[in-house]
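Coordinates from start-v4.txt are shown below (compact mmCIF, N, CA and C atoms and all ligand atoms).
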# COMPACT_ATOMS: atom_id res chain seq x y z
N MET A 1 -94.05 88.91 -36.85
CA MET A 1 -93.91 88.32 -35.50
C MET A 1 -92.50 87.76 -35.33
N LYS A 2 -91.97 87.98 -34.13
CA LYS A 2 -90.62 87.47 -33.86
C LYS A 2 -90.68 85.96 -33.65
N MET A 3 -89.63 85.31 -34.11
CA MET A 3 -89.61 83.86 -33.95
C MET A 3 -88.38 83.44 -33.15
N TYR A 4 -88.60 82.54 -32.24
CA TYR A 4 -87.51 82.05 -31.40
C TYR A 4 -87.40 80.56 -31.65
N LEU A 5 -86.28 80.14 -32.22
CA LEU A 5 -86.12 78.73 -32.57
C LEU A 5 -85.33 78.01 -31.48
N VAL A 6 -85.93 76.95 -30.97
CA VAL A 6 -85.29 76.15 -29.93
C VAL A 6 -84.93 74.81 -30.54
N SER A 7 -83.64 74.52 -30.56
CA SER A 7 -83.18 73.27 -31.15
C SER A 7 -82.66 72.37 -30.03
N LEU A 8 -83.23 71.18 -29.90
CA LEU A 8 -82.95 70.33 -28.73
C LEU A 8 -82.41 68.97 -29.12
N ASN A 9 -81.62 68.38 -28.23
CA ASN A 9 -81.22 67.00 -28.46
C ASN A 9 -82.42 66.09 -28.22
N ASP A 10 -82.33 64.85 -28.69
CA ASP A 10 -83.49 63.95 -28.66
C ASP A 10 -84.03 63.74 -27.25
N ASP A 11 -83.14 63.62 -26.25
CA ASP A 11 -83.60 63.39 -24.88
C ASP A 11 -84.43 64.57 -24.37
N MET A 12 -83.93 65.79 -24.63
CA MET A 12 -84.65 66.98 -24.17
C MET A 12 -85.96 67.14 -24.92
N TYR A 13 -85.90 66.90 -26.21
CA TYR A 13 -87.11 67.01 -27.03
C TYR A 13 -88.19 66.05 -26.49
N ASP A 14 -87.77 64.79 -26.24
CA ASP A 14 -88.73 63.79 -25.76
C ASP A 14 -89.27 64.17 -24.38
N ALA A 15 -88.40 64.70 -23.51
CA ALA A 15 -88.83 65.08 -22.16
C ALA A 15 -89.87 66.21 -22.23
N ILE A 16 -89.62 67.17 -23.09
CA ILE A 16 -90.56 68.30 -23.21
C ILE A 16 -91.87 67.84 -23.83
N LYS A 17 -91.77 66.93 -24.78
CA LYS A 17 -92.99 66.40 -25.40
C LYS A 17 -93.82 65.65 -24.38
N GLU A 18 -93.14 64.85 -23.54
CA GLU A 18 -93.83 64.08 -22.52
C GLU A 18 -94.54 65.01 -21.52
N ARG A 19 -93.82 66.06 -21.11
CA ARG A 19 -94.39 67.05 -20.18
C ARG A 19 -95.60 67.74 -20.83
N ALA A 20 -95.46 68.10 -22.08
CA ALA A 20 -96.55 68.78 -22.78
C ALA A 20 -97.78 67.87 -22.87
N ASP A 21 -97.54 66.60 -23.17
CA ASP A 21 -98.66 65.65 -23.26
C ASP A 21 -99.32 65.49 -21.90
N SER A 22 -98.52 65.44 -20.83
CA SER A 22 -99.07 65.18 -19.50
C SER A 22 -99.92 66.34 -18.99
N ILE A 23 -99.61 67.55 -19.40
CA ILE A 23 -100.44 68.69 -18.97
C ILE A 23 -101.36 69.15 -20.10
N ASN A 24 -101.39 68.33 -21.15
CA ASN A 24 -102.28 68.61 -22.26
C ASN A 24 -102.10 70.00 -22.85
N ASN A 25 -100.86 70.38 -23.01
CA ASN A 25 -100.58 71.69 -23.58
C ASN A 25 -99.52 71.54 -24.66
N SER A 26 -99.19 72.65 -25.29
CA SER A 26 -98.24 72.56 -26.41
C SER A 26 -96.80 72.53 -25.90
N MET A 27 -95.91 72.04 -26.73
CA MET A 27 -94.49 72.04 -26.39
C MET A 27 -94.00 73.48 -26.24
N ALA A 28 -94.55 74.37 -27.04
CA ALA A 28 -94.14 75.77 -26.96
C ALA A 28 -94.47 76.34 -25.58
N TYR A 29 -95.62 75.92 -25.02
CA TYR A 29 -96.01 76.37 -23.69
C TYR A 29 -94.97 75.93 -22.65
N VAL A 30 -94.57 74.66 -22.73
CA VAL A 30 -93.61 74.12 -21.76
C VAL A 30 -92.27 74.86 -21.87
N VAL A 31 -91.82 75.07 -23.09
CA VAL A 31 -90.55 75.78 -23.31
C VAL A 31 -90.65 77.21 -22.78
N ARG A 32 -91.79 77.85 -23.03
CA ARG A 32 -92.02 79.21 -22.56
C ARG A 32 -91.92 79.29 -21.03
N GLU A 33 -92.53 78.28 -20.38
CA GLU A 33 -92.48 78.23 -18.91
C GLU A 33 -91.04 78.07 -18.42
N CYS A 34 -90.28 77.18 -19.08
CA CYS A 34 -88.87 76.96 -18.71
C CYS A 34 -88.07 78.25 -18.87
N LEU A 35 -88.26 78.89 -20.00
CA LEU A 35 -87.49 80.11 -20.29
C LEU A 35 -87.85 81.21 -19.29
N LYS A 36 -89.11 81.27 -18.93
CA LYS A 36 -89.56 82.27 -17.97
C LYS A 36 -88.84 82.06 -16.65
N ARG A 37 -88.78 80.79 -16.22
CA ARG A 37 -88.12 80.45 -14.96
C ARG A 37 -86.63 80.78 -15.00
N MET A 38 -86.03 80.58 -16.16
CA MET A 38 -84.58 80.83 -16.29
C MET A 38 -84.27 82.29 -16.60
N ASP A 39 -85.31 83.08 -16.82
CA ASP A 39 -85.10 84.47 -17.24
C ASP A 39 -84.22 84.56 -18.47
N ALA A 40 -84.33 83.54 -19.30
CA ALA A 40 -83.42 83.43 -20.43
C ALA A 40 -83.70 84.46 -21.53
N ILE A 41 -84.96 84.72 -21.74
CA ILE A 41 -85.29 85.70 -22.78
C ILE A 41 -86.37 86.61 -22.25
N GLU A 42 -86.43 87.75 -22.80
CA GLU A 42 -87.52 88.66 -22.48
C GLU A 42 -88.76 88.08 -23.13
N LEU A 43 -89.77 87.83 -22.32
CA LEU A 43 -90.90 87.09 -22.86
C LEU A 43 -91.98 87.96 -23.47
N ASN A 44 -91.80 88.17 -24.71
CA ASN A 44 -92.83 88.83 -25.50
C ASN A 44 -93.94 87.79 -25.73
N PRO A 45 -95.14 88.06 -25.25
CA PRO A 45 -96.21 87.06 -25.40
C PRO A 45 -96.49 86.71 -26.85
N LYS A 46 -96.08 87.61 -27.72
CA LYS A 46 -96.32 87.33 -29.14
C LYS A 46 -95.19 86.53 -29.77
N LEU A 47 -94.16 86.31 -28.95
CA LEU A 47 -93.01 85.58 -29.48
C LEU A 47 -93.45 84.18 -29.89
N ASP A 48 -93.18 83.86 -31.12
CA ASP A 48 -93.56 82.57 -31.66
C ASP A 48 -92.42 81.59 -31.42
N ILE A 49 -92.68 80.56 -30.61
CA ILE A 49 -91.62 79.61 -30.28
C ILE A 49 -91.75 78.36 -31.15
N LYS A 50 -90.67 78.09 -31.86
CA LYS A 50 -90.65 76.88 -32.69
C LYS A 50 -89.66 75.90 -32.06
N ILE A 51 -90.07 74.65 -31.99
CA ILE A 51 -89.21 73.65 -31.36
C ILE A 51 -88.91 72.55 -32.35
N ARG A 52 -87.66 72.21 -32.40
CA ARG A 52 -87.33 71.07 -33.26
C ARG A 52 -86.16 70.30 -32.68
N ARG A 53 -85.94 69.12 -33.21
CA ARG A 53 -84.81 68.30 -32.77
C ARG A 53 -83.55 68.76 -33.49
N TRP A 54 -82.39 68.51 -32.87
CA TRP A 54 -81.13 68.71 -33.57
C TRP A 54 -81.19 67.91 -34.87
N ASN A 55 -80.73 68.49 -35.95
CA ASN A 55 -80.56 67.67 -37.14
C ASN A 55 -79.19 66.98 -37.06
N GLY A 56 -78.92 66.10 -37.99
CA GLY A 56 -77.69 65.31 -37.94
C GLY A 56 -76.45 66.18 -37.87
N GLU A 57 -76.48 67.27 -38.59
CA GLU A 57 -75.31 68.15 -38.65
C GLU A 57 -75.08 68.87 -37.32
N GLU A 58 -76.15 69.33 -36.70
CA GLU A 58 -76.04 70.00 -35.40
C GLU A 58 -75.49 69.03 -34.36
N TRP A 59 -76.01 67.81 -34.40
CA TRP A 59 -75.56 66.79 -33.46
C TRP A 59 -74.07 66.53 -33.66
N ALA A 60 -73.67 66.30 -34.93
CA ALA A 60 -72.28 65.98 -35.23
C ALA A 60 -71.36 67.13 -34.81
N ASP A 61 -71.76 68.35 -35.08
CA ASP A 61 -70.94 69.50 -34.70
C ASP A 61 -70.73 69.57 -33.19
N ARG A 62 -71.77 69.29 -32.44
CA ARG A 62 -71.66 69.36 -30.98
C ARG A 62 -70.79 68.24 -30.44
N VAL A 63 -70.92 67.05 -30.99
CA VAL A 63 -70.09 65.92 -30.55
C VAL A 63 -68.62 66.23 -30.83
N LYS A 64 -68.33 66.69 -32.05
CA LYS A 64 -66.94 66.96 -32.44
C LYS A 64 -66.34 68.11 -31.63
N ASN A 65 -67.15 69.09 -31.38
CA ASN A 65 -66.72 70.23 -30.57
C ASN A 65 -66.38 69.78 -29.15
N ARG A 66 -67.23 68.94 -28.56
CA ARG A 66 -66.99 68.45 -27.21
C ARG A 66 -65.65 67.71 -27.13
N ASP A 67 -65.36 66.92 -28.19
CA ASP A 67 -64.13 66.12 -28.20
C ASP A 67 -62.93 66.89 -28.75
N ASN A 68 -63.09 68.18 -28.97
CA ASN A 68 -62.00 69.03 -29.49
C ASN A 68 -61.38 68.49 -30.78
N TYR A 69 -62.20 67.83 -31.59
CA TYR A 69 -61.75 67.32 -32.89
C TYR A 69 -60.60 66.32 -32.77
N VAL A 70 -60.58 65.60 -31.64
CA VAL A 70 -59.59 64.54 -31.45
C VAL A 70 -60.31 63.20 -31.64
N CYS A 71 -59.70 62.33 -32.47
CA CYS A 71 -60.28 61.01 -32.69
C CYS A 71 -60.21 60.23 -31.38
N ARG A 72 -61.33 59.71 -30.92
CA ARG A 72 -61.37 59.01 -29.63
C ARG A 72 -60.84 57.59 -29.76
N GLU A 73 -60.55 57.16 -30.99
CA GLU A 73 -60.01 55.82 -31.19
C GLU A 73 -58.48 55.86 -31.24
N CYS A 74 -57.92 56.76 -32.05
CA CYS A 74 -56.46 56.77 -32.23
C CYS A 74 -55.81 58.05 -31.66
N ASP A 75 -56.59 58.90 -31.04
CA ASP A 75 -56.10 60.12 -30.40
C ASP A 75 -55.46 61.13 -31.34
N GLU A 76 -55.72 60.99 -32.63
CA GLU A 76 -55.15 61.94 -33.56
C GLU A 76 -55.91 63.27 -33.49
N GLN A 77 -55.14 64.37 -33.47
CA GLN A 77 -55.77 65.69 -33.51
C GLN A 77 -56.20 65.98 -34.94
N CYS A 78 -57.47 66.16 -35.14
CA CYS A 78 -58.00 66.40 -36.48
C CYS A 78 -58.62 67.79 -36.55
N THR A 79 -59.35 68.03 -37.61
CA THR A 79 -60.06 69.31 -37.77
C THR A 79 -61.54 68.99 -37.93
N ARG A 80 -62.32 70.05 -38.00
CA ARG A 80 -63.76 69.87 -38.17
C ARG A 80 -64.06 69.06 -39.43
N MET A 81 -63.25 69.31 -40.47
CA MET A 81 -63.50 68.65 -41.74
C MET A 81 -63.01 67.21 -41.78
N THR A 82 -61.99 66.90 -40.97
CA THR A 82 -61.42 65.54 -41.06
C THR A 82 -61.92 64.61 -39.95
N THR A 83 -62.87 65.09 -39.16
CA THR A 83 -63.46 64.20 -38.16
C THR A 83 -64.91 63.92 -38.54
N GLU A 84 -65.40 62.82 -38.00
CA GLU A 84 -66.80 62.47 -38.19
C GLU A 84 -67.37 62.07 -36.84
N ALA A 85 -68.65 62.28 -36.67
CA ALA A 85 -69.30 61.87 -35.42
C ALA A 85 -69.95 60.51 -35.66
N HIS A 86 -69.78 59.63 -34.68
CA HIS A 86 -70.29 58.26 -34.81
C HIS A 86 -71.32 57.99 -33.70
N HIS A 87 -72.44 57.38 -34.07
CA HIS A 87 -73.44 56.99 -33.08
C HIS A 87 -72.98 55.71 -32.39
N ILE A 88 -72.83 55.75 -31.06
CA ILE A 88 -72.41 54.56 -30.31
C ILE A 88 -73.48 53.48 -30.45
N LEU A 89 -74.71 53.83 -30.16
CA LEU A 89 -75.84 52.94 -30.49
C LEU A 89 -76.42 53.45 -31.80
N PRO A 90 -76.36 52.61 -32.85
CA PRO A 90 -76.78 53.10 -34.17
C PRO A 90 -78.23 53.61 -34.16
N LYS A 91 -78.48 54.60 -35.01
CA LYS A 91 -79.83 55.15 -35.15
C LYS A 91 -80.84 54.05 -35.47
N LYS A 92 -80.40 53.10 -36.29
CA LYS A 92 -81.28 52.00 -36.70
C LYS A 92 -81.77 51.19 -35.50
N LYS A 93 -80.92 51.16 -34.45
CA LYS A 93 -81.30 50.39 -33.27
C LYS A 93 -81.89 51.28 -32.19
N GLY A 94 -82.31 52.45 -32.57
CA GLY A 94 -82.95 53.35 -31.61
C GLY A 94 -82.00 54.34 -30.96
N GLY A 95 -80.76 54.38 -31.46
CA GLY A 95 -79.80 55.34 -30.93
C GLY A 95 -80.25 56.77 -31.18
N LYS A 96 -79.96 57.65 -30.23
CA LYS A 96 -80.47 59.01 -30.32
C LYS A 96 -79.38 60.00 -30.69
N ASN A 97 -79.84 61.17 -31.14
CA ASN A 97 -78.94 62.30 -31.37
C ASN A 97 -78.74 63.03 -30.05
N THR A 98 -77.91 62.45 -29.18
CA THR A 98 -77.54 63.10 -27.92
C THR A 98 -76.02 63.08 -27.83
N LEU A 99 -75.48 63.92 -26.97
CA LEU A 99 -74.02 63.94 -26.81
C LEU A 99 -73.53 62.60 -26.27
N ASP A 100 -74.30 62.02 -25.35
CA ASP A 100 -73.93 60.73 -24.75
C ASP A 100 -73.78 59.63 -25.80
N ASN A 101 -74.55 59.74 -26.86
CA ASN A 101 -74.55 58.68 -27.86
C ASN A 101 -73.61 58.97 -29.04
N GLY A 102 -72.69 59.91 -28.87
CA GLY A 102 -71.79 60.22 -29.97
C GLY A 102 -70.33 60.23 -29.55
N ILE A 103 -69.47 59.78 -30.46
CA ILE A 103 -68.04 59.97 -30.27
C ILE A 103 -67.43 60.48 -31.57
N THR A 104 -66.31 61.17 -31.42
CA THR A 104 -65.61 61.73 -32.57
C THR A 104 -64.58 60.72 -33.06
N LEU A 105 -64.56 60.51 -34.36
CA LEU A 105 -63.58 59.61 -34.96
C LEU A 105 -62.97 60.26 -36.20
N CYS A 106 -61.71 59.91 -36.49
CA CYS A 106 -61.16 60.33 -37.77
C CYS A 106 -61.79 59.45 -38.84
N LYS A 107 -61.64 59.86 -40.10
CA LYS A 107 -62.34 59.15 -41.16
C LYS A 107 -61.95 57.67 -41.23
N SER A 108 -60.64 57.39 -41.05
CA SER A 108 -60.25 56.00 -41.23
C SER A 108 -60.70 55.14 -40.05
N CYS A 109 -60.63 55.65 -38.82
CA CYS A 109 -61.14 54.88 -37.68
C CYS A 109 -62.65 54.66 -37.81
N HIS A 110 -63.33 55.68 -38.32
CA HIS A 110 -64.78 55.56 -38.47
C HIS A 110 -65.12 54.44 -39.45
N LYS A 111 -64.37 54.41 -40.55
CA LYS A 111 -64.59 53.38 -41.56
C LYS A 111 -64.34 51.99 -40.94
N ASN A 112 -63.22 51.89 -40.22
CA ASN A 112 -62.87 50.59 -39.62
C ASN A 112 -63.92 50.12 -38.62
N ILE A 113 -64.44 51.05 -37.85
CA ILE A 113 -65.45 50.67 -36.86
C ILE A 113 -66.70 50.13 -37.56
N HIS A 114 -67.06 50.77 -38.68
CA HIS A 114 -68.25 50.28 -39.39
C HIS A 114 -68.00 48.94 -40.06
N ILE A 115 -66.78 48.72 -40.55
CA ILE A 115 -66.45 47.41 -41.12
C ILE A 115 -66.51 46.35 -40.02
N GLY A 116 -65.98 46.70 -38.85
CA GLY A 116 -66.01 45.80 -37.71
C GLY A 116 -67.43 45.48 -37.27
N MET A 117 -68.29 46.49 -37.28
CA MET A 117 -69.67 46.28 -36.86
C MET A 117 -70.38 45.34 -37.82
N LYS A 118 -70.06 45.48 -39.10
CA LYS A 118 -70.68 44.64 -40.11
C LYS A 118 -70.25 43.18 -39.92
N LYS A 119 -68.94 43.01 -39.69
CA LYS A 119 -68.42 41.64 -39.46
C LYS A 119 -69.08 41.02 -38.25
N TYR A 120 -69.19 41.82 -37.18
CA TYR A 120 -69.76 41.33 -35.94
C TYR A 120 -71.19 40.84 -36.16
N LYS A 121 -71.90 41.58 -37.00
CA LYS A 121 -73.29 41.23 -37.26
C LYS A 121 -73.39 39.89 -38.00
N GLN A 122 -72.37 39.62 -38.84
CA GLN A 122 -72.41 38.39 -39.64
C GLN A 122 -72.09 37.15 -38.81
N ILE A 123 -71.38 37.30 -37.71
CA ILE A 123 -70.99 36.14 -36.91
C ILE A 123 -72.22 35.48 -36.25
ZN ZN B 1 -58.67 57.74 -35.59
ZN ZN B 2 -70.57 55.75 -37.51

Translate this structure into structure tokens?
Ligand SMILES: [Zn+2]
Ligand SMILES: [Zn+2]
Amino acid sequence: MKMYLVSLNDDMYDAIKERADSINNSMAYVVRECLKRMDAIELNPKLDIKIRRWNGEEWADRVKNRDNYVCRECDEQCTRMTTEAHHILPKKKGGKNTLDNGITLCKSCHKNIHIGMKKYKQI
């Protein structure tokens, strides 16, 4: 059986889950309906749709790509390897893996921001 993997940011994942719960159907059903409306894929009824959230790496790649690998703190042009994605609202505080909640930082700015956050917490 063919498998179609749909990888979503947290906001989209939650929205689809909410819709699925409200109509008492599966998330795959909701995604199938969306895709049908968008004519995005040829809908083989046997197509097995798997839905999951972006993992940390997918999220980070998308954030860094959006920012063209430029550190948003010091404006340095970096590369994929020398940038890191930072959660504006930390995951621990309910921050999500969405583009809105991420910024690209170079390694040293990222470190400084986390040191600053720690100090702020201690005050
Ligand atoms: Zn920087
Ligand atoms: Zn960070």

### Task
Using all atoms listed in the file, determine which residues lie at most 8 Å from Met81 in chain A, disregarding the query and same-chain residues fewer than 2 positions distant; provide the list as a list of chain:residue names.
A:Tyr69, A:Cys78, A:Thr79, A:Thr83, A:Glu84, A:Lys107

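Taking only C-alpha atoms into account, the residues near (-84.5, 74.1, -31.6), no farther than 7 Å, are Leu5, Val6, Ser7, Leu8, Lys50, Ile51, Arg52, Arg53 and Trp54 of chain A.
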
### Task
With only C-alpha atoms and all ligand atoms counted, collect every polymer residue having an atom within 6 Å of ligand ZN 1 (chain B); state the result as a list in words.
Cys71, Glu73, Cys74, Glu76, Leu105, Cys106 and Cys109 of chain A

### Task
Could I get the residue neighbourhood of ligand ZN 2 (chain B) at 7 Å, counting all atoms listed in the file, as a list in words?
Ala85, His86, His87, Ile88, His110, Ile113 and His114 of chain A

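The coordinates place CA of Ile103 in chain A at 6.7 Å from atom N of Arg72 in chain A.
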